[in-house]
Each structure stands twice: as structure tokens, then as C-alpha cells.
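Trainee: Input structure: final-v5.cif, which contains mmCIF, C-alpha atoms.
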data_input
loop_
_atom_site.group_PDB
_atom_site.id
_atom_site.type_symbol
_atom_site.label_atom_id
_atom_site.label_comp_id
_atom_site.auth_asym_id
_atom_site.auth_seq_id
_atom_site.Cartn_x
_atom_site.Cartn_y
_atom_site.Cartn_z
ATOM 1 C CA MET D 1 -1.848 10.688 50.219
ATOM 2 C CA GLY D 2 0.400 8.886 47.764
ATOM 3 C CA LEU D 3 0.159 9.151 44.011
ATOM 4 C CA ILE D 4 -2.947 7.866 42.289
ATOM 5 C CA LEU D 5 -2.884 6.987 38.600
ATOM 6 C CA TYR D 6 -6.278 6.745 36.915
ATOM 7 C CA TRP D 7 -5.545 4.848 33.738
ATOM 8 C CA TYR D 8 -6.887 2.542 31.057
ATOM 9 C CA PRO D 9 -4.445 -0.344 30.406
ATOM 10 C CA LYS D 10 -5.216 -0.527 26.660
ATOM 11 C CA CYS D 11 -4.383 3.166 26.215
ATOM 12 C CA GLY D 12 -0.867 3.775 24.865
ATOM 13 C CA THR D 13 -0.644 7.202 26.494
ATOM 14 C CA CYS D 14 -1.565 5.664 29.853
ATOM 15 C CA ARG D 15 1.054 2.951 29.434
ATOM 16 C CA ASN D 16 3.664 5.622 28.629
ATOM 17 C CA ALA D 17 2.736 7.563 31.771
ATOM 18 C CA LYS D 18 2.915 4.395 33.879
ATOM 19 C CA LYS D 19 6.297 3.559 32.350
ATOM 20 C CA TRP D 20 7.531 7.078 33.189
ATOM 21 C CA LEU D 21 6.355 6.761 36.809
ATOM 22 C CA ASP D 22 7.986 3.323 37.095
ATOM 23 C CA HIS D 23 11.248 4.567 35.548
ATOM 24 C CA HIS D 24 11.373 7.402 38.088
ATOM 25 C CA GLU D 25 10.605 4.912 40.880
ATOM 26 C CA LEU D 26 7.516 6.768 42.010
ATOM 27 C CA HIS D 27 5.082 4.679 44.014
ATOM 28 C CA TYR D 28 1.450 4.974 43.023
ATOM 29 C CA GLU D 29 -1.889 3.244 43.176
ATOM 30 C CA ALA D 30 -3.087 2.389 39.669
ATOM 31 C CA ILE D 31 -6.865 2.578 39.275
ATOM 32 C CA HIS D 32 -8.580 1.258 36.151
ATOM 33 C CA ILE D 33 -10.601 4.302 35.047
ATOM 34 C CA ALA D 34 -13.325 2.268 33.310
ATOM 35 C CA GLU D 35 -13.792 -0.313 36.081
ATOM 36 C CA ASN D 36 -13.410 2.081 39.035
ATOM 37 C CA PRO D 37 -13.999 5.612 37.757
ATOM 38 C CA PRO D 38 -13.707 8.535 40.131
ATOM 39 C CA SER D 39 -17.005 9.709 41.603
ATOM 40 C CA ARG D 40 -18.558 13.041 40.689
ATOM 41 C CA THR D 41 -17.181 14.484 43.937
ATOM 42 C CA GLU D 42 -13.705 13.135 43.156
ATOM 43 C CA ILE D 43 -13.866 14.516 39.606
ATOM 44 C CA GLU D 44 -14.877 17.920 40.953
ATOM 45 C CA GLN D 45 -11.985 17.826 43.433
ATOM 46 C CA LEU D 46 -9.519 16.819 40.692
ATOM 47 C CA TYR D 47 -10.811 19.612 38.464
ATOM 48 C CA LYS D 48 -10.605 22.296 41.169
ATOM 49 C CA THR D 49 -7.146 21.162 42.278
ATOM 50 C CA SER D 50 -5.824 21.037 38.708
ATOM 51 C CA GLY D 51 -6.550 24.655 37.840
ATOM 52 C CA LEU D 52 -7.508 23.425 34.357
ATOM 53 C CA GLU D 53 -10.606 24.251 32.407
ATOM 54 C CA LEU D 54 -13.236 21.536 33.032
ATOM 55 C CA LYS D 55 -13.462 20.774 29.305
ATOM 56 C CA LYS D 56 -9.840 19.538 29.501
ATOM 57 C CA PHE D 57 -11.129 16.551 31.501
ATOM 58 C CA PHE D 58 -13.138 15.223 28.555
ATOM 59 C CA ASN D 59 -11.677 12.497 26.357
ATOM 60 C CA THR D 60 -12.626 14.289 23.148
ATOM 61 C CA SER D 61 -11.103 11.599 20.953
ATOM 62 C CA GLY D 62 -13.050 8.806 22.625
ATOM 63 C CA GLN D 63 -15.798 6.791 20.990
ATOM 64 C CA LYS D 64 -18.233 7.483 23.852
ATOM 65 C CA TYR D 65 -17.698 11.250 23.491
ATOM 66 C CA ARG D 66 -18.632 11.070 19.799
ATOM 67 C CA GLU D 67 -21.554 8.681 20.363
ATOM 68 C CA LEU D 68 -23.119 11.064 22.865
ATOM 69 C CA GLY D 69 -22.567 14.103 20.625
ATOM 70 C CA LEU D 70 -20.830 15.918 23.467
ATOM 71 C CA LYS D 71 -19.001 18.367 21.229
ATOM 72 C CA ASP D 72 -22.292 20.207 20.719
ATOM 73 C CA LYS D 73 -23.851 19.429 24.115
ATOM 74 C CA LEU D 74 -20.940 20.896 26.058
ATOM 75 C CA LYS D 75 -21.090 24.301 24.361
ATOM 76 C CA GLY D 76 -23.927 25.526 26.583
ATOM 77 C CA ALA D 77 -23.422 23.179 29.534
ATOM 78 C CA THR D 78 -22.926 24.467 33.049
ATOM 79 C CA GLU D 79 -20.086 23.277 35.252
ATOM 80 C CA ALA D 80 -22.542 21.091 37.218
ATOM 81 C CA GLU D 81 -23.900 19.538 34.010
ATOM 82 C CA MET D 82 -20.379 18.795 32.748
ATOM 83 C CA LEU D 83 -19.437 17.165 36.059
ATOM 84 C CA ASP D 84 -22.623 15.073 35.922
ATOM 85 C CA ILE D 85 -21.767 13.915 32.388
ATOM 86 C CA LEU D 86 -18.164 13.052 33.314
ATOM 87 C CA ALA D 87 -19.382 11.008 36.277
ATOM 88 C CA THR D 88 -21.547 8.765 34.074
ATOM 89 C CA ASP D 89 -18.674 6.868 32.452
ATOM 90 C CA GLY D 90 -14.942 6.646 33.186
ATOM 91 C CA MET D 91 -14.260 6.416 29.449
ATOM 92 C CA LEU D 92 -15.407 10.030 29.058
ATOM 93 C CA LEU D 93 -12.460 11.192 31.160
ATOM 94 C CA LYS D 94 -9.209 12.175 29.502
ATOM 95 C CA ARG D 95 -6.500 9.934 30.806
ATOM 96 C CA PRO D 96 -4.250 9.295 32.484
ATOM 97 C CA ILE D 97 -5.074 11.417 35.493
ATOM 98 C CA VAL D 98 -2.358 11.546 38.152
ATOM 99 C CA THR D 99 -2.818 13.181 41.534
ATOM 100 C CA ASP D 100 -1.244 13.350 44.953
ATOM 101 C CA GLY D 101 -4.130 15.340 46.404
ATOM 102 C CA ALA D 102 -2.310 18.661 46.018
ATOM 103 C CA LYS D 103 -1.446 18.473 42.300
ATOM 104 C CA VAL D 104 -3.190 16.979 39.280
ATOM 105 C CA THR D 105 -2.060 16.239 35.738
ATOM 106 C CA VAL D 106 -4.386 15.191 32.928
ATOM 107 C CA GLY D 107 -2.945 13.367 29.936
ATOM 108 C CA PHE D 108 0.737 12.582 29.539
ATOM 109 C CA LYS D 109 3.434 14.942 28.398
ATOM 110 C CA GLU D 110 6.896 13.978 29.554
ATOM 111 C CA GLU D 111 7.960 17.606 30.139
ATOM 112 C CA GLN D 112 4.921 18.198 32.328
ATOM 113 C CA PHE D 113 5.559 15.016 34.331
ATOM 114 C CA GLU D 114 9.198 16.096 34.789
ATOM 115 C CA GLN D 115 8.047 19.440 36.222
ATOM 116 C CA VAL D 116 5.187 18.198 38.369
ATOM 117 C CA TRP D 117 6.140 14.693 39.516
ATOM 118 C CA ASN D 118 9.938 14.579 39.495
#
Now that the file is in, can you turn its structure into C-alpha cells?
Mentor:
Amino acid sequence: MGLILYWYPKCGTCRNAKKWLDHHELHYEAIHIAENPPSRTEIEQLYKTSGLELKKFFNTSGQKYRELGLKDKLKGATEAEMLDILATDGMLLKRPIVTDGAKVTVGFKEEQFEQVWN
């Protein structure tokens, strides 16, 4: 499996991540996270592969997150409930998400990309 970049083209952080991948000549498939969001199964796989806490997959600064009042709803939510919520709308996912099937990064920090993808 090659690299997959789940991104939102209007997102500056996503554009920075894409620019970093391009600069390092890494080949990837770019998937528009709002138009073609990962399925619940794919989200669960990304989460389990990442080793991150599931809450790290939520775009907490997003409008949709605030509209749905997820800050309070997530406090008592089970893993299954959180996965169900994430699967309802690609805009709820923190982005960009980059994966090669064996590794996953969420968000963009240049140092992290250097370590994981270089």
C-alpha cells in the first residue's frame, strides 16, 4: 500500500502537509476528506494502527464539532460511539491523516513527518 493523504484542500495545515510530501518526493493518493471520508471500519483501523487516543481523531476546532456539542458528548462516550460519530462526517476528523497501512499520522507537525515519513 502506498501513502494515502486524507485532506481538505481549503485547510492550511493540510496544504502544508501536502507541500512537505511533495518536497520530499513522496508519492501518495490524496483523498478529499469531506467528499470521500474514510468509512467507520477504515477510521477504526487508522485509530488502532496509530496508537493514539481516539479523541485525537476529532477536529475539535471545527465548526461541526461545536455545532454538535461534542465536547460534552464525548466525555462519557464509548469507543464504539466515538467511531460512529466520526463516521458521520469527514469534517469531524482531524486532518490531515496520512497512512501507509503500517503507520498513521494525524495533523501536521514537520518534526513528526520527518521521523515517520522521511
Trainee: Taking all atoms listed in the file into account, which of D:Glu111, D:Gly101, D:Ser50, D:Lys19 comes nearest D:Leu3?
Mentor: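 The shortest atom-to-atom distance to D:Leu3 comes from D:Gly101.
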Trainee: Go through D:Arg40, D:Val104, D:Ala34, D:Leu52 and flag the residue nearest D:Glu81, using all atoms listed in the file for the distances.
Mentor: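 For D:Glu81, the nearest of the given residues is D:Arg40.
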Trainee: Using all atoms of stretch 4-20 of chain D that appear in the file, construct an axis-aligned enclosing box with 4 Å of padding on every side and provide its centre coordinates and edge lengths in Å, rounded to one decimal, as JSON.
Mentor:
{"center_x": 0.3, "center_y": 3.7, "center_z": 33.6, "size_x": 22.4, "size_y": 16.4, "size_z": 25.4}
Trainee: Report the distance between atom CA of D:Leu21 and atom CA of D:Val116 in Å, rounded to one decimal place.
Mentor: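 Separating atom CA of D:Leu21 from atom CA of D:Val116 is a distance of 11.6 Å.
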Trainee: Applying 7 Å and only C-alpha atoms, which residues near D:His32 remain after dropping the ones on its own chain fewer than 4 positions away? List them as a list in words.
Mentor: Tyr6, Trp7, Tyr8 and Asn36 of chain D
Trainee: Could you save those same residues with C-alpha atoms as a PDB file, keeping the file's coordinate frame?
Mentor:
ATOM      1  CA  TYR D   6      -6.278   6.745  36.915  1.00  0.00           C
ATOM      2  CA  TRP D   7      -5.545   4.848  33.738  1.00  0.00           C
ATOM      3  CA  TYR D   8      -6.887   2.542  31.057  1.00  0.00           C
ATOM      4  CA  ASN D  36     -13.410   2.081  39.035  1.00  0.00           C
TER       5      ASN D  36
END
Trainee: Measure the distance from atom CA of D:Thr88 to atom CA of D:Lys75 in Å and round it to one decimal.
Mentor: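 These two atoms are separated by 18.3 Å.
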Trainee: Calculate how many Å separate atom CA of D:Thr78 from atom CA of D:Ile4, rounding to one decimal.
Mentor: 27.6 Å
Trainee: Using all atoms listed in the file, can you tell me which of D:Lys73, D:Asn16, D:Trp117, D:Leu68 comes closest to D:Lys55?
Mentor: D:Lys73
Trainee: Give the answer as one residue: which of D:Tyr47, D:Thr41, D:Asp84, D:Gly12 has the shortest atom-to-atom distance to D:Val98, using all atoms listed in the file?
Mentor: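 Result for the nearest residue to D:Val98: D:Tyr47.
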Trainee: Could you tell me which residues the PyMOL selection byres ((chain D and resi 58) around 6) returns for this structure, as a ChimeraX atom specification?
Mentor: /D:55-57,59-60,92-94
Trainee: Could you give me stretch 89-100 of chain D completed to all heavy atoms, formatted as an mmCIF file, in the frame of the given file?
Mentor:
data_model
loop_
_atom_site.group_PDB
_atom_site.id
_atom_site.type_symbol
_atom_site.label_atom_id
_atom_site.label_comp_id
_atom_site.auth_asym_id
_atom_site.auth_seq_id
_atom_site.Cartn_x
_atom_site.Cartn_y
_atom_site.Cartn_z
ATOM 1 N N ASP D 89 -19.474 7.904 33.103
ATOM 2 C CA ASP D 89 -18.674 6.868 32.452
ATOM 3 C C ASP D 89 -17.197 7.256 32.497
ATOM 4 O O ASP D 89 -16.817 8.320 31.990
ATOM 5 C CB ASP D 89 -19.128 6.730 30.994
ATOM 6 C CG ASP D 89 -18.537 5.522 30.286
ATOM 7 O OD1 ASP D 89 -17.378 5.162 30.576
ATOM 8 O OD2 ASP D 89 -19.223 4.955 29.427
ATOM 9 N N GLY D 90 -16.380 6.379 33.082
ATOM 10 C CA GLY D 90 -14.942 6.646 33.186
ATOM 11 C C GLY D 90 -14.270 6.849 31.838
ATOM 12 O O GLY D 90 -13.242 7.516 31.740
ATOM 13 N N MET D 91 -14.853 6.282 30.776
ATOM 14 C CA MET D 91 -14.260 6.416 29.449
ATOM 15 C C MET D 91 -14.442 7.823 28.875
ATOM 16 O O MET D 91 -13.834 8.159 27.863
ATOM 17 C CB MET D 91 -14.823 5.368 28.493
ATOM 18 C CG MET D 91 -14.459 3.939 28.893
ATOM 19 S SD MET D 91 -12.683 3.649 29.040
ATOM 20 C CE MET D 91 -12.262 3.450 27.308
ATOM 21 N N LEU D 92 -15.256 8.641 29.500
ATOM 22 C CA LEU D 92 -15.407 10.030 29.058
ATOM 23 C C LEU D 92 -14.271 10.912 29.580
ATOM 24 O O LEU D 92 -14.068 12.014 29.095
ATOM 25 C CB LEU D 92 -16.753 10.597 29.517
ATOM 26 C CG LEU D 92 -17.979 10.039 28.817
ATOM 27 C CD1 LEU D 92 -19.256 10.574 29.475
ATOM 28 C CD2 LEU D 92 -17.966 10.381 27.333
ATOM 29 N N LEU D 93 -13.549 10.410 30.569
ATOM 30 C CA LEU D 93 -12.460 11.192 31.160
ATOM 31 C C LEU D 93 -11.174 11.052 30.368
ATOM 32 O O LEU D 93 -10.782 9.954 29.977
ATOM 33 C CB LEU D 93 -12.199 10.720 32.597
ATOM 34 C CG LEU D 93 -13.250 11.126 33.617
ATOM 35 C CD1 LEU D 93 -13.190 10.223 34.829
ATOM 36 C CD2 LEU D 93 -13.047 12.575 34.016
ATOM 37 N N LYS D 94 -10.531 12.191 30.139
ATOM 38 C CA LYS D 94 -9.209 12.175 29.502
ATOM 39 C C LYS D 94 -8.260 11.492 30.478
ATOM 40 O O LYS D 94 -8.346 11.679 31.680
ATOM 41 C CB LYS D 94 -8.743 13.604 29.214
ATOM 42 C CG LYS D 94 -7.412 13.657 28.485
ATOM 43 C CD LYS D 94 -7.119 15.074 28.059
ATOM 44 C CE LYS D 94 -5.759 15.193 27.419
ATOM 45 N NZ LYS D 94 -5.726 14.691 26.054
ATOM 46 N N ARG D 95 -7.392 10.690 29.945
ATOM 47 C CA ARG D 95 -6.500 9.934 30.806
ATOM 48 C C ARG D 95 -5.083 9.947 30.249
ATOM 49 O O ARG D 95 -4.913 10.258 29.088
ATOM 50 C CB ARG D 95 -7.030 8.504 30.945
ATOM 51 C CG ARG D 95 -7.253 7.845 29.609
ATOM 52 C CD ARG D 95 -8.067 6.573 29.716
ATOM 53 N NE ARG D 95 -8.128 5.966 28.409
ATOM 54 C CZ ARG D 95 -9.136 6.112 27.557
ATOM 55 N NH1 ARG D 95 -10.191 6.799 27.890
ATOM 56 N NH2 ARG D 95 -9.095 5.553 26.375
ATOM 57 N N PRO D 96 -4.144 9.618 31.065
ATOM 58 C CA PRO D 96 -4.250 9.295 32.484
ATOM 59 C C PRO D 96 -4.443 10.555 33.330
ATOM 60 O O PRO D 96 -4.092 11.656 32.910
ATOM 61 C CB PRO D 96 -2.894 8.661 32.789
ATOM 62 C CG PRO D 96 -1.948 9.358 31.843
ATOM 63 C CD PRO D 96 -2.752 9.574 30.587
ATOM 64 N N ILE D 97 -4.995 10.350 34.497
ATOM 65 C CA ILE D 97 -5.074 11.417 35.493
ATOM 66 C C ILE D 97 -4.179 10.969 36.647
ATOM 67 O O ILE D 97 -4.309 9.855 37.140
ATOM 68 C CB ILE D 97 -6.515 11.639 35.999
ATOM 69 C CG1 ILE D 97 -7.433 12.060 34.849
ATOM 70 C CG2 ILE D 97 -6.524 12.690 37.123
ATOM 71 C CD1 ILE D 97 -8.910 12.130 35.216
ATOM 72 N N VAL D 98 -3.257 11.843 37.032
ATOM 73 C CA VAL D 98 -2.358 11.546 38.152
ATOM 74 C C VAL D 98 -2.556 12.631 39.198
ATOM 75 O O VAL D 98 -2.618 13.815 38.874
ATOM 76 C CB VAL D 98 -0.875 11.502 37.699
ATOM 77 C CG1 VAL D 98 0.040 11.181 38.875
ATOM 78 C CG2 VAL D 98 -0.677 10.481 36.585
ATOM 79 N N THR D 99 -2.658 12.204 40.456
ATOM 80 C CA THR D 99 -2.818 13.181 41.534
ATOM 81 C C THR D 99 -2.141 12.693 42.810
ATOM 82 O O THR D 99 -2.002 11.494 43.030
ATOM 83 C CB THR D 99 -4.314 13.468 41.821
ATOM 84 O OG1 THR D 99 -4.419 14.509 42.805
ATOM 85 C CG2 THR D 99 -5.052 12.228 42.300
ATOM 86 N N ASP D 100 -1.744 13.659 43.615
ATOM 87 C CA ASP D 100 -1.244 13.350 44.953
ATOM 88 C C ASP D 100 -2.110 14.063 45.988
ATOM 89 O O ASP D 100 -1.776 14.151 47.155
ATOM 90 C CB ASP D 100 0.231 13.752 45.102
ATOM 91 C CG ASP D 100 0.460 15.249 44.963
ATOM 92 O OD1 ASP D 100 -0.509 16.015 44.751
ATOM 93 O OD2 ASP D 100 1.633 15.674 45.062
#
